[in-house]
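Structure file target-v7.cif with mmCIF, C-alpha atoms:
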data_input
#
loop_
_atom_site.label_atom_id
_atom_site.label_comp_id
_atom_site.auth_asym_id
_atom_site.auth_seq_id
_atom_site.Cartn_x
_atom_site.Cartn_y
_atom_site.Cartn_z
CA MET R 1254 0.00 0.00 0.00
CA HIS R 1255 2.97 2.33 0.64
CA ASP R 1256 3.97 2.43 -3.00
CA ALA R 1257 0.45 2.96 -4.29
CA ALA R 1258 1.09 6.67 -4.88
CA LYS R 1259 4.23 5.90 -6.88
CA GLU R 1260 2.48 3.26 -8.93
CA SER R 1261 -0.50 5.49 -9.59
CA LYS R 1262 1.94 8.11 -10.79
CA MET R 1263 3.16 5.59 -13.35
CA ILE R 1264 -0.07 5.91 -15.25
CA ARG R 1265 0.40 9.68 -15.58
CA ASP R 1266 3.99 10.30 -16.70
CA PHE R 1267 5.33 7.20 -18.32
CA GLU R 1268 7.89 8.01 -20.98
CA ASN R 1269 8.53 5.64 -23.86
CA ILE R 1270 9.04 6.93 -27.37
CA ILE R 1271 8.20 3.59 -29.03
CA ILE R 1272 4.85 3.23 -27.28
CA LYS R 1273 3.92 6.85 -27.96
CA THR R 1274 4.79 6.67 -31.66
CA VAL R 1275 3.03 3.35 -32.23
CA CYS R 1276 -0.08 4.56 -30.39
CA ARG R 1277 -0.13 7.80 -32.36
CA ALA R 1278 0.02 5.78 -35.58
CA ILE R 1279 -2.56 3.17 -34.58
CA ILE R 1280 -5.24 5.25 -32.82
CA PRO R 1281 -6.84 6.72 -36.01
CA PHE R 1282 -7.23 3.24 -37.46
CA ILE R 1283 -8.85 1.95 -34.26
CA GLN R 1284 -11.32 4.84 -34.40
CA LEU R 1285 -12.00 4.22 -38.08
CA TYR R 1286 -12.68 0.56 -37.30
CA GLY R 1287 -15.06 1.57 -34.51
CA LEU R 1288 -16.98 3.82 -36.90
CA TYR R 1289 -17.09 0.94 -39.42
CA VAL R 1290 -18.54 -1.40 -36.78
CA ILE R 1291 -21.21 1.17 -35.84
CA ALA R 1292 -22.09 1.95 -39.46
CA HIS R 1293 -22.43 -1.72 -40.43
CA GLY R 1294 -24.14 -2.77 -37.23
CA HIS R 1295 -27.54 -3.48 -38.76
CA TYR R 1296 -26.52 -6.12 -41.27
CA SER R 1297 -23.31 -7.64 -39.91
CA PRO R 1298 -21.94 -8.56 -36.46
CA GLY R 1299 -21.30 -5.56 -34.30
CA GLY R 1300 -23.39 -2.56 -33.53
CA GLY R 1301 -23.55 0.47 -31.32
CA PHE R 1302 -22.31 -1.18 -28.15
CA GLN R 1303 -19.32 -2.90 -29.69
CA GLY R 1304 -18.37 0.08 -31.85
CA GLY R 1305 -18.68 2.41 -28.88
CA CYS R 1306 -16.40 0.13 -26.87
CA ILE R 1307 -13.82 0.16 -29.66
CA LEU R 1308 -13.97 3.97 -29.84
CA ALA R 1309 -13.60 4.14 -26.06
CA ALA R 1310 -10.63 1.74 -26.26
CA SER R 1311 -8.85 4.17 -28.58
CA PHE R 1312 -9.21 6.96 -26.01
CA ILE R 1313 -8.12 4.60 -23.20
CA LEU R 1314 -5.05 3.72 -25.27
CA MET R 1315 -4.34 7.45 -25.55
CA VAL R 1316 -4.55 7.78 -21.75
CA LEU R 1317 -2.23 4.80 -21.24
CA ALA R 1318 0.37 5.95 -23.77
CA TYR R 1319 0.33 9.66 -22.99
CA ASP R 1320 -1.52 10.94 -19.91
CA ILE R 1321 -4.96 12.13 -18.91
CA LYS R 1322 -4.29 15.79 -19.69
CA GLU R 1323 -3.17 14.95 -23.23
CA MET R 1324 -6.36 13.03 -23.81
CA LYS R 1325 -8.52 15.77 -22.31
CA LYS R 1326 -7.22 18.18 -24.94
CA ARG R 1327 -9.04 15.95 -27.43
CA MET R 1328 -12.15 15.20 -25.38
CA SER R 1329 -12.73 17.20 -22.22
CA GLU R 1330 -15.15 16.23 -19.49
CA LYS R 1331 -17.68 18.76 -20.78
CA ILE R 1332 -17.68 17.28 -24.30
CA ASN R 1333 -17.81 13.81 -22.76
CA THR R 1334 -20.98 14.63 -20.82
CA ILE R 1335 -22.55 16.32 -23.83
CA LEU R 1336 -21.83 13.28 -26.03
CA CYS R 1337 -23.30 10.96 -23.38
CA SER R 1338 -26.53 12.95 -23.23
CA THR R 1339 -26.65 13.37 -27.01
CA GLY R 1340 -26.61 9.62 -27.51
CA VAL R 1341 -29.55 9.10 -25.17
CA ILE R 1342 -31.43 11.94 -26.88
CA ILE R 1343 -30.82 10.43 -30.33
CA TYR R 1344 -32.04 7.01 -29.14
CA THR R 1345 -35.18 8.19 -27.39
CA GLY R 1346 -35.77 10.88 -30.01
CA ILE R 1347 -35.99 8.33 -32.81
CA GLY R 1348 -38.18 6.15 -30.62
CA LEU R 1349 -40.54 8.98 -29.69
CA LEU R 1350 -40.62 10.22 -33.29
CA CYS R 1351 -42.16 6.88 -34.20
CA VAL R 1352 -44.74 7.35 -31.42
CA ILE R 1353 -45.54 10.86 -32.63
CA LEU R 1354 -46.03 9.60 -36.18
CA GLY R 1355 -48.53 7.05 -34.94
CA ALA R 1356 -46.70 3.76 -34.47
CA ASN R 1357 -45.20 1.96 -31.48
CA PHE R 1358 -41.98 2.99 -29.72
CA LEU R 1359 -38.98 2.29 -32.01
CA ASP R 1360 -41.24 1.02 -34.81
CA TYR R 1361 -39.07 2.45 -37.57
CA GLY R 1362 -41.30 1.52 -40.49
CA ILE R 1363 -43.49 4.57 -39.91
CA LEU R 1364 -40.51 6.85 -40.57
CA GLU R 1365 -41.22 6.54 -44.30
CA ILE R 1366 -43.57 9.51 -43.85
CA ILE R 1367 -40.68 11.92 -43.23
CA LEU R 1368 -37.78 10.09 -44.92
CA PRO R 1369 -37.40 10.00 -48.71
CA ALA R 1370 -37.43 6.20 -48.76
CA ASP R 1371 -39.84 3.28 -48.55
CA ALA R 1372 -40.63 1.31 -45.40
CA GLU R 1373 -37.72 -1.14 -45.65
CA HIS R 1374 -35.12 1.57 -46.12
CA SER R 1375 -36.71 3.62 -43.33
CA ARG R 1376 -36.38 0.62 -41.03
CA SER R 1377 -32.69 0.26 -41.93
CA LEU R 1378 -32.01 3.98 -41.45
CA GLY R 1379 -33.89 4.02 -38.14
CA ILE R 1380 -31.79 1.16 -36.79
CA LEU R 1381 -28.65 2.98 -37.99
CA GLY R 1382 -29.69 6.11 -36.10
CA VAL R 1383 -30.32 4.16 -32.93
CA GLU R 1384 -26.93 2.44 -33.25
CA ILE R 1385 -25.23 5.83 -33.61
CA GLY R 1386 -26.93 7.04 -30.43
CA VAL R 1387 -25.95 3.92 -28.52
CA GLY R 1388 -22.37 4.24 -29.80
CA PHE R 1389 -22.07 7.84 -28.55
CA THR R 1390 -23.37 6.97 -25.10
CA VAL R 1391 -21.28 3.83 -24.67
CA MET R 1392 -18.11 5.61 -25.77
CA ALA R 1393 -18.65 8.54 -23.41
CA VAL R 1394 -19.60 6.37 -20.42
CA MET R 1395 -16.70 3.94 -20.91
CA VAL R 1396 -14.17 6.79 -21.16
CA SER R 1397 -15.71 8.42 -18.08
CA ILE R 1398 -15.52 5.18 -16.06
CA PHE R 1399 -11.90 4.65 -17.05
CA LEU R 1400 -10.91 8.23 -16.16
CA ASN R 1401 -12.58 7.92 -12.77
CA ILE R 1402 -10.90 4.58 -12.05
CA ALA R 1403 -7.44 5.55 -13.33
CA SER R 1404 -7.27 8.83 -11.40
CA ALA R 1405 -9.26 7.75 -8.31
CA GLY R 1406 -11.92 10.35 -9.08
CA GLU R 1407 -9.51 13.28 -9.05
CA HIS R 1408 -9.29 13.97 -12.75
CA GLU R 1409 -11.49 17.05 -12.53
CA ASP R 1410 -8.61 19.01 -11.01
CA GLY R 1411 -7.44 21.57 -13.54
CA GLU R 1412 -10.52 21.05 -15.66
CA GLN R 1413 -10.80 22.47 -19.19
CA GLY R 1414 -7.02 22.42 -19.53
CA MET I 1250 -18.91 -27.23 -35.26
CA ILE I 1251 -15.85 -29.40 -34.69
CA TRP I 1252 -16.13 -31.01 -31.29
CA GLN I 1253 -12.39 -31.64 -30.92
CA LEU I 1254 -11.67 -27.92 -31.35
CA ASP I 1255 -14.50 -27.09 -28.94
CA PHE I 1256 -13.06 -29.48 -26.37
CA ILE I 1257 -9.50 -28.12 -26.64
CA LEU I 1258 -10.71 -24.52 -26.34
CA LEU I 1259 -12.96 -25.38 -23.39
CA VAL I 1260 -10.08 -27.07 -21.56
CA ILE I 1261 -7.84 -24.02 -22.06
CA VAL I 1262 -10.69 -21.71 -20.94
CA VAL I 1263 -11.14 -23.69 -17.72
CA ILE I 1264 -7.37 -23.69 -17.10
CA CYS I 1265 -7.25 -19.91 -17.59
CA ALA I 1266 -10.24 -19.40 -15.25
CA ILE I 1267 -8.71 -21.54 -12.48
CA ALA I 1268 -5.33 -19.82 -12.90
CA ALA I 1269 -6.95 -16.37 -12.75
CA ILE I 1270 -8.52 -16.99 -9.36
CA SER I 1271 -5.58 -18.90 -7.85
CA VAL I 1272 -2.63 -16.70 -8.80
CA LYS I 1273 -1.37 -14.29 -6.12
CA ASP I 1274 -0.30 -11.42 -8.36
CA LEU I 1275 -3.31 -9.25 -9.17
CA LEU I 1276 -1.84 -7.91 -12.41
CA SER I 1277 -1.25 -11.46 -13.64
CA SER I 1278 -4.81 -12.25 -12.63
CA ALA I 1279 -6.15 -9.39 -14.75
CA ILE I 1280 -4.09 -10.47 -17.75
CA LEU I 1281 -5.23 -14.08 -17.32
CA LEU I 1282 -8.82 -12.87 -17.22
CA GLY I 1283 -8.16 -11.10 -20.52
CA ALA I 1284 -6.79 -14.33 -21.98
CA TYR I 1285 -9.86 -16.15 -20.63
CA SER I 1286 -12.16 -13.65 -22.37
CA PHE I 1287 -10.26 -13.96 -25.63
CA LEU I 1288 -10.39 -17.76 -25.60
CA LEU I 1289 -14.10 -17.62 -24.78
CA CYS I 1290 -14.46 -15.29 -27.77
CA LEU I 1291 -12.76 -17.93 -29.95
CA LEU I 1292 -15.08 -20.60 -28.55
CA TRP I 1293 -18.18 -18.57 -29.33
CA THR I 1294 -16.94 -17.76 -32.82
CA GLU I 1295 -16.42 -21.47 -33.40
CA MET I 1296 -19.95 -22.16 -32.20
CA GLY I 1297 -21.37 -19.60 -34.65
CA ALA I 1298 -22.41 -16.84 -32.20
CA VAL I 1299 -20.39 -14.12 -33.90
CA ASP I 1300 -22.17 -11.16 -32.31
CA VAL I 1301 -21.65 -12.49 -28.79
CA ALA I 1302 -18.02 -13.20 -29.64
CA PHE I 1303 -17.56 -9.63 -30.84
CA THR I 1304 -19.02 -8.26 -27.61
CA GLU I 1305 -16.78 -10.57 -25.57
CA ALA I 1306 -13.69 -9.47 -27.51
CA THR I 1307 -14.38 -5.74 -27.13
CA VAL I 1308 -15.78 -5.63 -23.60
CA GLY I 1309 -14.20 -8.66 -21.94
CA ALA I 1310 -10.73 -8.68 -23.45
CA GLY I 1311 -10.43 -4.98 -24.24
CA ILE I 1312 -12.23 -2.61 -21.92
CA SER I 1313 -12.53 -4.61 -18.69
CA THR I 1314 -8.83 -5.56 -18.70
CA ALA I 1315 -7.97 -1.86 -18.95
CA PHE I 1316 -10.41 -1.15 -16.09
CA PHE I 1317 -8.83 -3.84 -13.91
CA ILE I 1318 -5.30 -2.57 -14.60
CA GLY I 1319 -6.40 0.97 -13.83
CA ALA I 1320 -7.86 -0.21 -10.52
CA ILE I 1321 -4.79 -2.31 -9.63
CA TYR I 1322 -2.55 0.77 -9.95
CA HIS I 1323 -4.40 2.21 -6.94
CA THR I 1324 -4.08 -0.78 -4.63
CA SER I 1325 -1.37 -3.22 -3.63
CA ARG I 1326 -0.33 -5.58 -6.38
CA ARG I 1327 -0.21 -8.75 -4.29
CA THR I 1328 -3.13 -10.26 -2.45
CA LYS I 1329 -2.94 -10.76 1.32
CA ASP I 1330 -4.77 -14.09 1.51
#

Please go through the file and, once you have read it, give me the structure as structure tokens.
Amino acid sequence: MHDAAKESKMIRDFENIIIKTVCRAIIPFIQLYGLYVIAHGHYSPGGGFQGGCILAASFILMVLAYDIKEMKKRMSEKINTILCSTGVIIYTGIGLLCVILGANFLDYGILEIILPADAEHSRSLGILGVEIGVGFTVMAVMVSIFLNIASAGEHEDGEQG
Amino acid sequence: MIWQLDFILLVIVVICAIAAISVKDLLSSAILLGAYSFLLCLLWTEMGAVDVAFTEATVGAGISTAFFIGAIYHTSRRTKD
């Protein structure tokens, strides 16, 4: 327990040029793969949850290779919270839009009234929208959980830096 | 489904699970749990449940291992019992 402070410092300033360079090269491809998994979630394995986890893993890799401050330049706590709420709003918004148009909750077929497509394509697009919402929320919540665990809840010091 | 492959993977999964709860080093335990999740992902892919396998690979082997390692940095690395 006595060296817990030293070990927890390891996760903040750990210097290794190989790890940093490899992570900087590989993170865009991880994020691209996460977006691919979300975008193809309705007709192949994967979906919003898995794609959101992959996107969150890219940010966690950034925290592990650099530090928390470096990652917060890309996605601060404010943007994280906004993304989390936006995902829930997209999900329930699409669901309630179906209710407003006269069908059941998340019954995407009725979206053909407002979309320039027939019922089958409206169903596909509705599922895609829901997957995007789920992906946003899962990514934001996973990154938030990891930041709170890795910094013992103290990462809000020096916020918006 | 090839039952020999299923059997081999299941044996390795059980070995990884027993090793993860019996090893004294917590960091080794977290890594063994990641290996367990990855082998379970292979087993589910072999059984045809590709979506479950994908979830296991991302959440079990990817995110939760990072969570465990992040938590272990804030406690002692060796167990007392």

| said: List as JSON, numbers by chain the protein and nucleic acid residues near Glu1305 in chain I, meaning an atom at most 9 Å away when all atoms listed in the file are counted, but skip any in the same chain fewer than 4 places from it. | reply: {"I": [1286, 1287, 1289, 1290, 1293, 1300, 1301, 1309, 1310, 1311]}

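Going from CA of Gly1362 in chain R to CA of Arg1376 in chain R covers 5.0 Å.
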
| task | Residues of chain I no more than 6 Å from chain R, counting all atoms listed in the file: send them over as a PyMOL selection string. | result | chain I and resi 1300+1304+1319-1320+1322-1325

| task | Given the file shown, enumerate the residues that the PyMOL selection byres ((chain R and resi 1363) around 10) captures and present them as a list in words. | result | Leu1350, Cys1351, Val1352, Ile1353, Leu1354, Gly1355, Ala1356, Asn1357, Leu1359, Asp1360, Tyr1361, Gly1362, Leu1364, Glu1365, Ile1366, Ile1367, Leu1368, Asp1371, Ala1372, Glu1373, Ser1375, Arg1376 and Gly1379 of chain R

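Here CA of Val1290 in chain R is placed at a distance of 16.7 Å from CA of Ala1393 in chain R.
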
| request: Can you work out the spacing between CA of Leu1258 in chain I and CA of Glu1295 in chain I in Å, to one decimal? | output: 9.6 Å

| task | Might you spell out which residues the PyMOL selection byres ((chain I and resi 1276) around 9) would select in the displayed file, as a ChimeraX atom specification? | result | /I:1273-1275,1277-1281,1317-1318,1321,1326-1327

Go ahead and dump the residues you just picked, C-alpha atoms, as an mmCIF file, in the coordinates of the input.
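What ended up in again.cif:
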data_model
loop_
_atom_site.group_PDB
_atom_site.id
_atom_site.type_symbol
_atom_site.label_atom_id
_atom_site.label_comp_id
_atom_site.auth_asym_id
_atom_site.auth_seq_id
_atom_site.Cartn_x
_atom_site.Cartn_y
_atom_site.Cartn_z
ATOM 1 C CA LYS I 1273 -1.370 -14.290 -6.120
ATOM 2 C CA ASP I 1274 -0.300 -11.420 -8.360
ATOM 3 C CA LEU I 1275 -3.310 -9.250 -9.170
ATOM 4 C CA SER I 1277 -1.250 -11.460 -13.640
ATOM 5 C CA SER I 1278 -4.810 -12.250 -12.630
ATOM 6 C CA ALA I 1279 -6.150 -9.390 -14.750
ATOM 7 C CA ILE I 1280 -4.090 -10.470 -17.750
ATOM 8 C CA LEU I 1281 -5.230 -14.080 -17.320
ATOM 9 C CA PHE I 1317 -8.830 -3.840 -13.910
ATOM 10 C CA ILE I 1318 -5.300 -2.570 -14.600
ATOM 11 C CA ILE I 1321 -4.790 -2.310 -9.630
ATOM 12 C CA ARG I 1326 -0.330 -5.580 -6.380
ATOM 13 C CA ARG I 1327 -0.210 -8.750 -4.290
#

| query | Once the PyMOL selection byres ((chain R and resi 1276) around 10) has been applied to the shown file, what residues remain in the selection, as a ChimeraX atom specification? | reply | /R:1270-1275,1277-1281,1283,1311,1314-1315,1317-1319

Just to be explicit: take each residue in the selection above, keep C-alpha atoms, and write the result as a compact mmCIF listing (two decimals), in the coordinates of the input.
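Written output follows (part-v1.txt):
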# COMPACT_ATOMS: atom_id res chain seq x y z
CA ILE R 1270 9.04 6.93 -27.37
CA ILE R 1271 8.20 3.59 -29.03
CA ILE R 1272 4.85 3.23 -27.28
CA LYS R 1273 3.92 6.85 -27.96
CA THR R 1274 4.79 6.67 -31.66
CA VAL R 1275 3.03 3.35 -32.23
CA ARG R 1277 -0.13 7.80 -32.36
CA ALA R 1278 0.02 5.78 -35.58
CA ILE R 1279 -2.56 3.17 -34.58
CA ILE R 1280 -5.24 5.25 -32.82
CA PRO R 1281 -6.84 6.72 -36.01
CA ILE R 1283 -8.85 1.95 -34.26
CA SER R 1311 -8.85 4.17 -28.58
CA LEU R 1314 -5.05 3.72 -25.27
CA MET R 1315 -4.34 7.45 -25.55
CA LEU R 1317 -2.23 4.80 -21.24
CA ALA R 1318 0.37 5.95 -23.77
CA TYR R 1319 0.33 9.66 -22.99

| query | For the point (-19.1, 2.8, -36.7) in file coordinates, what residues are within 9 Å, counting all atoms listed in the file? Give the answer as a PyMOL selection string? | reply | chain R and resi 1284-1294+1299-1301+1304-1305+1308+1384-1385+1388

Centre, x/y/z edge lengths, axis-aligned box for range 1303-1307 of chain R with 3 Å per side, as JSON:
{"center_x": -16.6, "center_y": -0.2, "center_z": -29.4, "size_x": 11.5, "size_y": 11.3, "size_z": 11.0}

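Near Gly1382 in chain R, within 8 Å and counting only C-alpha atoms, sit R:Ile1343, R:Tyr1344, R:Ile1347, not including residues fewer than 5 positions from it in the same chain.
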